[in-house]
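Student: Contents of run_10.txt (compact mmCIF, N, CA and C atoms) are given next:
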# COMPACT_ATOMS: atom_id res chain seq x y z
N MET F 1 6.25 15.14 -23.68
CA MET F 1 5.60 14.67 -22.48
C MET F 1 4.67 15.74 -21.93
N ALA F 2 5.14 17.00 -21.85
CA ALA F 2 4.32 18.07 -21.31
C ALA F 2 3.07 18.28 -22.16
N ALA F 3 3.23 18.15 -23.49
CA ALA F 3 2.07 18.31 -24.37
C ALA F 3 1.05 17.22 -24.12
N CYS F 4 1.52 15.98 -23.90
CA CYS F 4 0.60 14.88 -23.62
C CYS F 4 -0.15 15.13 -22.32
N LEU F 5 0.57 15.63 -21.30
CA LEU F 5 -0.08 15.91 -20.03
C LEU F 5 -1.11 17.01 -20.18
N ALA F 6 -0.79 18.02 -20.99
CA ALA F 6 -1.75 19.11 -21.20
C ALA F 6 -3.00 18.61 -21.89
N VAL F 7 -2.85 17.75 -22.89
CA VAL F 7 -4.01 17.18 -23.57
C VAL F 7 -4.83 16.32 -22.61
N ALA F 8 -4.14 15.51 -21.81
CA ALA F 8 -4.84 14.66 -20.85
C ALA F 8 -5.59 15.52 -19.84
N ALA F 9 -4.98 16.58 -19.36
CA ALA F 9 -5.64 17.45 -18.38
C ALA F 9 -6.82 18.17 -19.02
N ALA F 10 -6.69 18.57 -20.26
CA ALA F 10 -7.76 19.29 -20.93
C ALA F 10 -8.97 18.41 -21.20
N THR F 11 -8.73 17.13 -21.43
CA THR F 11 -9.84 16.24 -21.75
C THR F 11 -10.38 15.48 -20.55
N ALA F 12 -9.69 15.53 -19.43
CA ALA F 12 -10.08 14.74 -18.26
C ALA F 12 -11.46 15.11 -17.74
N GLY F 13 -11.87 16.35 -17.90
CA GLY F 13 -13.15 16.78 -17.36
C GLY F 13 -14.31 16.61 -18.32
N CYS F 14 -14.08 16.11 -19.50
CA CYS F 14 -15.15 15.96 -20.48
C CYS F 14 -16.16 14.91 -19.99
N ALA F 15 -17.43 15.23 -20.12
CA ALA F 15 -18.47 14.30 -19.69
C ALA F 15 -18.55 13.10 -20.62
N SER F 16 -18.32 13.32 -21.90
CA SER F 16 -18.43 12.22 -22.85
C SER F 16 -17.46 12.46 -23.99
N LEU F 17 -16.64 11.48 -24.28
CA LEU F 17 -15.72 11.58 -25.40
C LEU F 17 -16.38 10.99 -26.64
N PRO F 18 -15.99 11.46 -27.81
CA PRO F 18 -16.59 10.93 -29.04
C PRO F 18 -16.43 9.42 -29.14
N ARG F 19 -17.45 8.76 -29.60
CA ARG F 19 -17.40 7.30 -29.77
C ARG F 19 -16.89 6.99 -31.17
N SER F 20 -15.86 6.15 -31.20
CA SER F 20 -15.32 5.77 -32.50
C SER F 20 -14.55 4.48 -32.37
N GLY F 21 -14.49 3.74 -33.46
CA GLY F 21 -13.64 2.56 -33.54
C GLY F 21 -13.88 1.50 -32.49
N GLY F 22 -15.08 1.35 -31.98
CA GLY F 22 -15.36 0.32 -31.01
C GLY F 22 -14.84 0.61 -29.61
N LEU F 23 -14.49 1.83 -29.35
CA LEU F 23 -14.01 2.18 -28.02
C LEU F 23 -15.16 2.24 -27.03
N ARG F 24 -14.87 1.90 -25.79
CA ARG F 24 -15.88 1.91 -24.73
C ARG F 24 -15.37 2.71 -23.54
N ASP F 25 -16.31 3.19 -22.73
CA ASP F 25 -15.91 3.85 -21.49
C ASP F 25 -15.18 2.85 -20.62
N ALA F 26 -14.11 3.30 -19.99
CA ALA F 26 -13.32 2.44 -19.12
C ALA F 26 -12.66 3.31 -18.05
N VAL F 27 -12.06 2.64 -17.10
CA VAL F 27 -11.31 3.30 -16.04
C VAL F 27 -9.88 2.78 -16.10
N LEU F 28 -8.93 3.70 -16.09
CA LEU F 28 -7.52 3.34 -16.04
C LEU F 28 -7.01 3.73 -14.65
N GLU F 29 -6.56 2.74 -13.92
CA GLU F 29 -6.07 2.97 -12.56
C GLU F 29 -4.58 2.70 -12.52
N ARG F 30 -3.90 3.52 -11.76
CA ARG F 30 -2.48 3.30 -11.53
C ARG F 30 -2.27 3.25 -10.02
N LEU F 31 -1.70 2.15 -9.56
CA LEU F 31 -1.45 1.94 -8.14
C LEU F 31 0.06 1.92 -7.90
N TYR F 32 0.50 2.62 -6.86
CA TYR F 32 1.92 2.71 -6.53
C TYR F 32 2.14 2.03 -5.18
N PHE F 33 2.88 0.92 -5.21
CA PHE F 33 3.14 0.11 -4.02
C PHE F 33 4.58 0.32 -3.58
N GLY F 34 4.79 1.08 -2.51
CA GLY F 34 6.13 1.29 -1.99
C GLY F 34 6.70 -0.01 -1.44
N ARG F 35 8.02 -0.18 -1.56
CA ARG F 35 8.66 -1.43 -1.13
C ARG F 35 9.27 -1.37 0.26
N ASN F 36 9.43 -0.17 0.83
CA ASN F 36 10.01 -0.07 2.16
C ASN F 36 9.02 -0.58 3.20
N ILE F 37 9.54 -1.35 4.15
CA ILE F 37 8.76 -1.79 5.31
C ILE F 37 9.51 -1.25 6.53
N GLY F 38 8.99 -0.20 7.11
CA GLY F 38 9.71 0.42 8.22
C GLY F 38 11.02 1.00 7.75
N ASP F 39 12.01 1.01 8.65
CA ASP F 39 13.32 1.58 8.31
C ASP F 39 14.33 0.54 7.85
N THR F 40 14.00 -0.75 8.00
CA THR F 40 15.04 -1.75 7.77
C THR F 40 14.70 -2.82 6.74
N ALA F 41 13.44 -3.05 6.46
CA ALA F 41 13.07 -4.16 5.57
C ALA F 41 12.49 -3.63 4.26
N VAL F 42 12.46 -4.51 3.27
CA VAL F 42 11.85 -4.18 1.98
C VAL F 42 11.01 -5.37 1.51
N VAL F 43 10.05 -5.08 0.65
CA VAL F 43 9.28 -6.14 0.00
C VAL F 43 10.20 -6.77 -1.04
N SER F 44 10.50 -8.04 -0.88
CA SER F 44 11.42 -8.72 -1.80
C SER F 44 10.73 -9.01 -3.13
N ASP F 45 11.54 -9.29 -4.13
CA ASP F 45 10.98 -9.65 -5.44
C ASP F 45 10.12 -10.90 -5.34
N SER F 46 10.55 -11.87 -4.54
CA SER F 46 9.76 -13.11 -4.41
C SER F 46 8.45 -12.86 -3.66
N ALA F 47 8.47 -12.00 -2.64
CA ALA F 47 7.22 -11.67 -1.92
C ALA F 47 6.27 -10.92 -2.85
N TRP F 48 6.81 -10.03 -3.68
CA TRP F 48 5.98 -9.30 -4.63
C TRP F 48 5.38 -10.27 -5.66
N ALA F 49 6.18 -11.18 -6.18
CA ALA F 49 5.68 -12.15 -7.16
C ALA F 49 4.54 -12.97 -6.56
N ALA F 50 4.67 -13.36 -5.31
CA ALA F 50 3.60 -14.11 -4.65
C ALA F 50 2.35 -13.24 -4.49
N PHE F 51 2.53 -11.96 -4.17
CA PHE F 51 1.39 -11.05 -4.03
C PHE F 51 0.66 -10.90 -5.37
N VAL F 52 1.42 -10.74 -6.44
CA VAL F 52 0.80 -10.64 -7.77
C VAL F 52 0.03 -11.91 -8.08
N ARG F 53 0.64 -13.06 -7.84
CA ARG F 53 0.00 -14.35 -8.11
C ARG F 53 -1.25 -14.57 -7.25
N ASP F 54 -1.14 -14.28 -5.96
CA ASP F 54 -2.20 -14.64 -5.01
C ASP F 54 -3.29 -13.58 -4.83
N VAL F 55 -2.97 -12.32 -5.13
CA VAL F 55 -3.94 -11.24 -4.87
C VAL F 55 -4.35 -10.51 -6.15
N ILE F 56 -3.37 -9.96 -6.87
CA ILE F 56 -3.73 -9.15 -8.04
C ILE F 56 -4.35 -10.00 -9.14
N THR F 57 -3.72 -11.11 -9.47
CA THR F 57 -4.22 -11.94 -10.57
C THR F 57 -5.64 -12.48 -10.32
N PRO F 58 -5.96 -12.98 -9.13
CA PRO F 58 -7.34 -13.43 -8.91
C PRO F 58 -8.37 -12.29 -9.00
N GLU F 59 -7.99 -11.08 -8.56
CA GLU F 59 -8.92 -9.95 -8.62
C GLU F 59 -9.03 -9.39 -10.03
N PHE F 60 -7.96 -9.46 -10.82
CA PHE F 60 -7.94 -8.93 -12.18
C PHE F 60 -7.36 -9.96 -13.14
N PRO F 61 -8.09 -11.06 -13.37
CA PRO F 61 -7.56 -12.14 -14.19
C PRO F 61 -7.38 -11.77 -15.66
N ARG F 62 -8.04 -10.71 -16.12
CA ARG F 62 -7.89 -10.32 -17.53
C ARG F 62 -6.57 -9.63 -17.79
N GLY F 63 -5.87 -9.22 -16.71
CA GLY F 63 -4.53 -8.68 -16.91
C GLY F 63 -4.26 -7.38 -16.17
N ALA F 64 -2.98 -7.09 -16.09
CA ALA F 64 -2.46 -5.87 -15.48
C ALA F 64 -1.11 -5.60 -16.10
N THR F 65 -0.72 -4.35 -16.10
CA THR F 65 0.62 -3.98 -16.54
C THR F 65 1.39 -3.58 -15.29
N ILE F 66 2.57 -4.15 -15.12
CA ILE F 66 3.32 -3.96 -13.88
C ILE F 66 4.76 -3.60 -14.23
N TRP F 67 5.27 -2.58 -13.53
CA TRP F 67 6.67 -2.23 -13.72
C TRP F 67 7.26 -1.68 -12.42
N GLY F 68 8.57 -1.66 -12.36
CA GLY F 68 9.28 -1.11 -11.22
C GLY F 68 9.62 0.35 -11.44
N ALA F 69 9.67 1.10 -10.36
CA ALA F 69 10.00 2.52 -10.43
C ALA F 69 10.73 2.91 -9.15
N THR F 70 11.22 4.13 -9.14
CA THR F 70 11.79 4.71 -7.94
C THR F 70 11.00 5.95 -7.62
N GLY F 71 10.53 6.05 -6.39
CA GLY F 71 9.71 7.19 -6.00
C GLY F 71 10.28 7.90 -4.80
N GLN F 72 9.67 9.03 -4.49
CA GLN F 72 10.04 9.75 -3.29
C GLN F 72 8.82 10.48 -2.77
N TRP F 73 8.80 10.70 -1.45
CA TRP F 73 7.69 11.38 -0.82
C TRP F 73 8.19 12.04 0.46
N LEU F 74 7.44 13.04 0.91
CA LEU F 74 7.81 13.77 2.12
C LEU F 74 7.11 13.13 3.31
N ALA F 75 7.88 12.57 4.22
CA ALA F 75 7.33 11.91 5.41
C ALA F 75 6.77 12.95 6.38
N PRO F 76 5.87 12.53 7.27
CA PRO F 76 5.30 13.47 8.25
C PRO F 76 6.36 14.20 9.08
N ALA F 77 7.49 13.56 9.33
CA ALA F 77 8.56 14.20 10.11
C ALA F 77 9.31 15.25 9.30
N GLY F 78 9.00 15.36 8.00
CA GLY F 78 9.63 16.37 7.16
C GLY F 78 10.82 15.89 6.37
N ASN F 79 11.18 14.62 6.50
CA ASN F 79 12.32 14.10 5.75
C ASN F 79 11.86 13.51 4.42
N LEU F 80 12.73 13.61 3.42
CA LEU F 80 12.44 13.07 2.10
C LEU F 80 12.78 11.58 2.09
N VAL F 81 11.80 10.77 1.73
CA VAL F 81 11.99 9.32 1.69
C VAL F 81 12.02 8.88 0.23
N ARG F 82 13.05 8.16 -0.14
CA ARG F 82 13.15 7.59 -1.48
C ARG F 82 13.02 6.09 -1.35
N GLU F 83 12.25 5.49 -2.25
CA GLU F 83 12.10 4.03 -2.19
C GLU F 83 11.76 3.46 -3.54
N ARG F 84 12.17 2.23 -3.71
CA ARG F 84 11.76 1.49 -4.90
C ARG F 84 10.27 1.23 -4.78
N THR F 85 9.61 1.15 -5.92
CA THR F 85 8.15 1.08 -5.97
C THR F 85 7.72 0.12 -7.07
N PHE F 86 6.61 -0.56 -6.85
CA PHE F 86 5.96 -1.32 -7.91
C PHE F 86 4.78 -0.49 -8.39
N VAL F 87 4.64 -0.37 -9.70
CA VAL F 87 3.50 0.34 -10.28
C VAL F 87 2.64 -0.69 -11.01
N VAL F 88 1.34 -0.67 -10.72
CA VAL F 88 0.40 -1.58 -11.36
C VAL F 88 -0.65 -0.74 -12.06
N GLU F 89 -0.82 -0.99 -13.36
CA GLU F 89 -1.85 -0.29 -14.13
C GLU F 89 -2.95 -1.28 -14.48
N LEU F 90 -4.17 -0.88 -14.20
CA LEU F 90 -5.35 -1.72 -14.45
C LEU F 90 -6.31 -0.97 -15.35
N LEU F 91 -6.86 -1.65 -16.32
CA LEU F 91 -7.89 -1.10 -17.18
C LEU F 91 -9.13 -1.95 -16.98
N HIS F 92 -10.24 -1.30 -16.60
CA HIS F 92 -11.45 -2.08 -16.33
C HIS F 92 -12.69 -1.26 -16.61
N ALA F 93 -13.82 -1.93 -16.64
CA ALA F 93 -15.11 -1.26 -16.82
C ALA F 93 -15.40 -0.42 -15.58
N PRO F 94 -16.12 0.67 -15.75
CA PRO F 94 -16.44 1.54 -14.61
C PRO F 94 -17.59 0.98 -13.78
N THR F 95 -17.29 0.00 -12.94
CA THR F 95 -18.32 -0.64 -12.12
C THR F 95 -17.94 -0.58 -10.64
N THR F 96 -18.94 -0.68 -9.78
CA THR F 96 -18.66 -0.72 -8.35
C THR F 96 -17.93 -2.00 -7.98
N GLU F 97 -18.17 -3.08 -8.70
CA GLU F 97 -17.48 -4.34 -8.43
C GLU F 97 -15.98 -4.20 -8.71
N ALA F 98 -15.61 -3.57 -9.81
CA ALA F 98 -14.19 -3.35 -10.11
C ALA F 98 -13.55 -2.46 -9.05
N ASP F 99 -14.27 -1.44 -8.62
CA ASP F 99 -13.78 -0.55 -7.57
C ASP F 99 -13.55 -1.34 -6.28
N ARG F 100 -14.43 -2.24 -5.95
CA ARG F 100 -14.29 -3.08 -4.76
C ARG F 100 -13.05 -3.96 -4.87
N ARG F 101 -12.79 -4.48 -6.08
CA ARG F 101 -11.62 -5.34 -6.28
C ARG F 101 -10.32 -4.57 -6.12
N VAL F 102 -10.29 -3.33 -6.62
CA VAL F 102 -9.09 -2.49 -6.44
C VAL F 102 -8.88 -2.22 -4.95
N ASP F 103 -9.96 -1.87 -4.25
CA ASP F 103 -9.86 -1.64 -2.80
C ASP F 103 -9.33 -2.88 -2.09
N ALA F 104 -9.74 -4.07 -2.51
CA ALA F 104 -9.29 -5.32 -1.89
C ALA F 104 -7.78 -5.52 -2.10
N VAL F 105 -7.29 -5.21 -3.29
CA VAL F 105 -5.85 -5.33 -3.58
C VAL F 105 -5.06 -4.38 -2.69
N ILE F 106 -5.51 -3.14 -2.60
CA ILE F 106 -4.82 -2.14 -1.77
C ILE F 106 -4.82 -2.57 -0.31
N ALA F 107 -5.96 -2.99 0.20
CA ALA F 107 -6.06 -3.40 1.60
C ALA F 107 -5.15 -4.60 1.88
N ALA F 108 -5.10 -5.55 0.96
CA ALA F 108 -4.25 -6.73 1.15
C ALA F 108 -2.78 -6.33 1.21
N TYR F 109 -2.34 -5.43 0.36
CA TYR F 109 -0.94 -5.01 0.36
C TYR F 109 -0.59 -4.29 1.66
N LYS F 110 -1.46 -3.37 2.06
CA LYS F 110 -1.22 -2.63 3.30
C LYS F 110 -1.13 -3.58 4.49
N ARG F 111 -2.00 -4.54 4.53
CA ARG F 111 -2.03 -5.50 5.64
C ARG F 111 -0.80 -6.43 5.60
N GLN F 112 -0.52 -6.98 4.44
CA GLN F 112 0.56 -7.97 4.31
C GLN F 112 1.94 -7.37 4.52
N PHE F 113 2.13 -6.11 4.08
CA PHE F 113 3.46 -5.51 4.12
C PHE F 113 3.55 -4.29 5.04
N ALA F 114 2.61 -4.16 5.97
CA ALA F 114 2.62 -3.10 6.99
C ALA F 114 2.81 -1.71 6.37
N GLN F 115 2.00 -1.40 5.35
CA GLN F 115 2.09 -0.12 4.67
C GLN F 115 1.02 0.85 5.18
N GLU F 116 1.38 2.12 5.24
CA GLU F 116 0.42 3.15 5.62
C GLU F 116 -0.56 3.45 4.49
N SER F 117 -0.05 3.41 3.26
CA SER F 117 -0.91 3.79 2.14
C SER F 117 -0.38 3.20 0.84
N VAL F 118 -1.24 3.21 -0.16
CA VAL F 118 -0.90 2.89 -1.54
C VAL F 118 -1.48 4.03 -2.36
N LEU F 119 -0.64 4.69 -3.16
CA LEU F 119 -1.12 5.78 -3.99
C LEU F 119 -1.96 5.20 -5.12
N ARG F 120 -3.13 5.82 -5.35
CA ARG F 120 -4.06 5.36 -6.39
C ARG F 120 -4.50 6.55 -7.22
N THR F 121 -4.31 6.44 -8.54
CA THR F 121 -4.85 7.46 -9.44
C THR F 121 -5.88 6.79 -10.34
N VAL F 122 -6.93 7.52 -10.65
CA VAL F 122 -8.03 6.99 -11.45
C VAL F 122 -8.33 7.97 -12.57
N THR F 123 -8.37 7.45 -13.80
CA THR F 123 -8.64 8.28 -14.97
C THR F 123 -9.74 7.64 -15.80
N LYS F 124 -10.74 8.42 -16.19
CA LYS F 124 -11.77 7.92 -17.10
C LYS F 124 -11.19 7.98 -18.51
N VAL F 125 -11.31 6.87 -19.23
CA VAL F 125 -10.74 6.77 -20.57
C VAL F 125 -11.73 6.10 -21.51
N ARG F 126 -11.37 6.05 -22.79
CA ARG F 126 -12.07 5.26 -23.80
C ARG F 126 -11.06 4.25 -24.27
N ALA F 127 -11.44 2.98 -24.30
CA ALA F 127 -10.47 1.96 -24.67
C ALA F 127 -11.13 0.85 -25.48
N GLY F 128 -10.33 0.18 -26.24
CA GLY F 128 -10.80 -0.98 -27.00
C GLY F 128 -9.63 -1.87 -27.34
N TYR F 129 -9.90 -3.17 -27.40
CA TYR F 129 -8.86 -4.13 -27.82
C TYR F 129 -9.52 -5.40 -28.27
Starting from the file, lay out its structure as structure tokens.

Tutor:
Amino acid sequence: MAACLAVAAATAGCASLPRSGGLRDAVLERLYFGRNIGDTAVVSDSAWAAFVRDVITPEFPRGATIWGATGQWLAPAGNLVRERTFVVELLHAPTTEADRRVDAVIAAYKRQFAQESVLRTVTKVRAGY
């Protein structure tokens, strides 16, 4: 795992990767959606399924990879918060329209589930399928 991360970090700054095998420039995004709502509620599996159906799928109809995880973060008060999390991975062309669609998904989740933030990582990749 550490070797893979080192390779990814070493190549992340490259302006252009070699073209081969029909690969194209793409963007790989990973979004982390925390399930805690305040101190007492959580985003239920059924509410999440509806969000995927009604928000993520219309914005990214070609597909997404989704899995559950457990995360932790340091709250502003200094306490460690652990929570179940949904992770969504999106692969798309590097366009402003795709960026707008990701922003729309994040904004909808924050609004619907009273979230302060959604963690978003963006990596330039070469992909083909």

Student: Would you mind telling me which residue in F:Ala98, F:Ala107, F:Ala50, F:Ala93 lies nearest to Val27 of chain F when using only N, CA and C atoms?

Tutor: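 Between F:Ala98, F:Ala107, F:Ala50, F:Ala93, the residue approaching Val27 of chain F most closely is F:Ala93.
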
Student: Within chain F, find each residue whose DSSP state, derived from the backbone, is strand (DSSP E), and express the selection as an MDAnalysis selection string.

Tutor: chainID F and resid 24:34 36:37 41:42 65:74 80:92 119:127

Student: So that I can see what lies close to segment 72-89 of chain F, please list as a ChimeraX atom specification the residues with an atom at most 8 Å from it, counting only N, CA and C atoms and leaving out residues fewer than 6 positions away in the same chain.

Tutor: /F:28-36,63-66

Student: Let me make sure I understand: among F:Arg53, F:Val42, F:Ile37, F:Asp99, which one has the smallest atom-to-atom distance to Arg111 of chain F if we use only C-alpha atoms?

Tutor: F:Ile37

Student: Mind pulling up the distance from atom N of Phe60 of chain F to atom CA of Gln112 of chain F?

Tutor: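 For atom CA of Gln112 of chain F relative to atom N of Phe60 of chain F, the distance reads 17.4 Å.
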
Student: Applying 8 Å and all atoms listed in the file, which residues near Ala104 of chain F remain after dropping the ones on its own chain fewer than 5 positions away? List them as an mmCIF file with N, CA and C atoms, in the coordinates of the input.

Tutor:
data_model
loop_
_atom_site.group_PDB
_atom_site.id
_atom_site.type_symbol
_atom_site.label_atom_id
_atom_site.label_comp_id
_atom_site.auth_asym_id
_atom_site.auth_seq_id
_atom_site.Cartn_x
_atom_site.Cartn_y
_atom_site.Cartn_z
ATOM 1 N N VAL F 55 -2.970 -12.320 -5.130
ATOM 2 C CA VAL F 55 -3.940 -11.240 -4.870
ATOM 3 C C VAL F 55 -4.350 -10.510 -6.150
ATOM 4 N N ILE F 56 -3.370 -9.960 -6.870
ATOM 5 C CA ILE F 56 -3.730 -9.150 -8.040
ATOM 6 C C ILE F 56 -4.350 -10.000 -9.140
ATOM 7 N N GLU F 59 -7.990 -11.080 -8.560
ATOM 8 C CA GLU F 59 -8.920 -9.950 -8.620
ATOM 9 C C GLU F 59 -9.030 -9.390 -10.030
ATOM 10 N N ALA F 98 -15.610 -3.570 -9.810
ATOM 11 C CA ALA F 98 -14.190 -3.350 -10.110
ATOM 12 C C ALA F 98 -13.550 -2.460 -9.050
ATOM 13 N N ASP F 99 -14.270 -1.440 -8.620
ATOM 14 C CA ASP F 99 -13.780 -0.550 -7.570
ATOM 15 C C ASP F 99 -13.550 -1.340 -6.280
ATOM 16 N N TYR F 109 -2.340 -5.430 0.360
ATOM 17 C CA TYR F 109 -0.940 -5.010 0.360
ATOM 18 C C TYR F 109 -0.590 -4.290 1.660
ATOM 19 N N LYS F 110 -1.460 -3.370 2.060
ATOM 20 C CA LYS F 110 -1.220 -2.630 3.300
ATOM 21 C C LYS F 110 -1.130 -3.580 4.490
#

Student: Rounded to one decimal, what separation in Å do you get between atom N of Lys124 of chain F and atom N of Thr70 of chain F?

Tutor: 23.5 Å

Student: Report the residues of chain F whose backbone DSSP state falls under helix (DSSP H, G or I), written as a VMD selection string.

Tutor: chain F and resid 2 to 11 45 to 59 96 to 112

Student: Return as JSON the centre and edge lengths, in Å with one decimal, of the box along x, y and z that encloses every atom of segment 64-72 of chain F in the file, padded by 4 Å per side.

Tutor:
{"center_x": 4.4, "center_y": 1.7, "center_z": -9.7, "size_x": 22.8, "size_y": 25.6, "size_z": 21.8}

Student: For the atom pair atom N of Pro94 of chain F and atom N of Gly68 of chain F, what is the interatomic distance in Å to one decimal place?

Tutor: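 It comes out at 25.0 Å.
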
Student: Using only C-alpha atoms, which of F:Val102, F:Ala108, F:Val43, F:Leu91 sits nearest Gly128 of chain F?

Tutor: F:Leu91

Student: Using only C-alpha atoms, pick whichever of F:Ala69, F:Asp39, F:His92, F:Arg100 has the shortest atom-to-atom distance to Arg126 of chain F.

Tutor: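 Comparing F:Ala69, F:Asp39, F:His92, F:Arg100 against Arg126 of chain F, the winner is F:His92.
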
Student: Near Ala127 of chain F, counting all atoms listed in the file, which residues have an atom at most 8 Å away, once you skip same-chain residues fewer than 4 positions from it, shown as a count of residues only?

Tutor: 7

Student: Provide segment 42-67 of chain F of the preceding structure as a file containing C-alpha atoms, as a compact mmCIF listing (two decimals), in the first residue's frame.

Tutor:
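Just written: decode.txt:
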# COMPACT_ATOMS: atom_id res chain seq x y z
CA VAL F 42 -27.86 9.33 11.37
CA VAL F 43 -28.47 9.11 7.64
CA SER F 44 -30.35 5.82 7.31
CA ASP F 45 -29.64 3.25 4.63
CA SER F 46 -33.02 3.99 3.02
CA ALA F 47 -32.40 7.77 3.03
CA TRP F 48 -28.98 7.16 1.46
CA ALA F 49 -30.47 4.87 -1.21
CA ALA F 50 -32.99 7.59 -2.09
CA PHE F 51 -30.18 10.17 -2.28
CA VAL F 52 -28.20 7.93 -4.64
CA ARG F 53 -31.30 7.35 -6.79
CA ASP F 54 -32.53 10.96 -6.82
CA VAL F 55 -29.29 12.97 -6.81
CA ILE F 56 -26.13 11.02 -7.64
CA THR F 57 -27.55 8.86 -10.44
CA PRO F 58 -29.14 11.75 -12.39
CA GLU F 59 -25.91 13.79 -12.14
CA PHE F 60 -23.66 10.81 -13.01
CA PRO F 61 -25.80 8.36 -15.01
CA ARG F 62 -22.74 6.57 -16.44
CA GLY F 63 -21.97 5.22 -12.99
CA ALA F 64 -20.30 5.57 -9.63
CA THR F 65 -18.58 3.23 -7.22
CA ILE F 66 -20.02 3.41 -3.71
CA TRP F 67 -18.98 1.76 -0.49
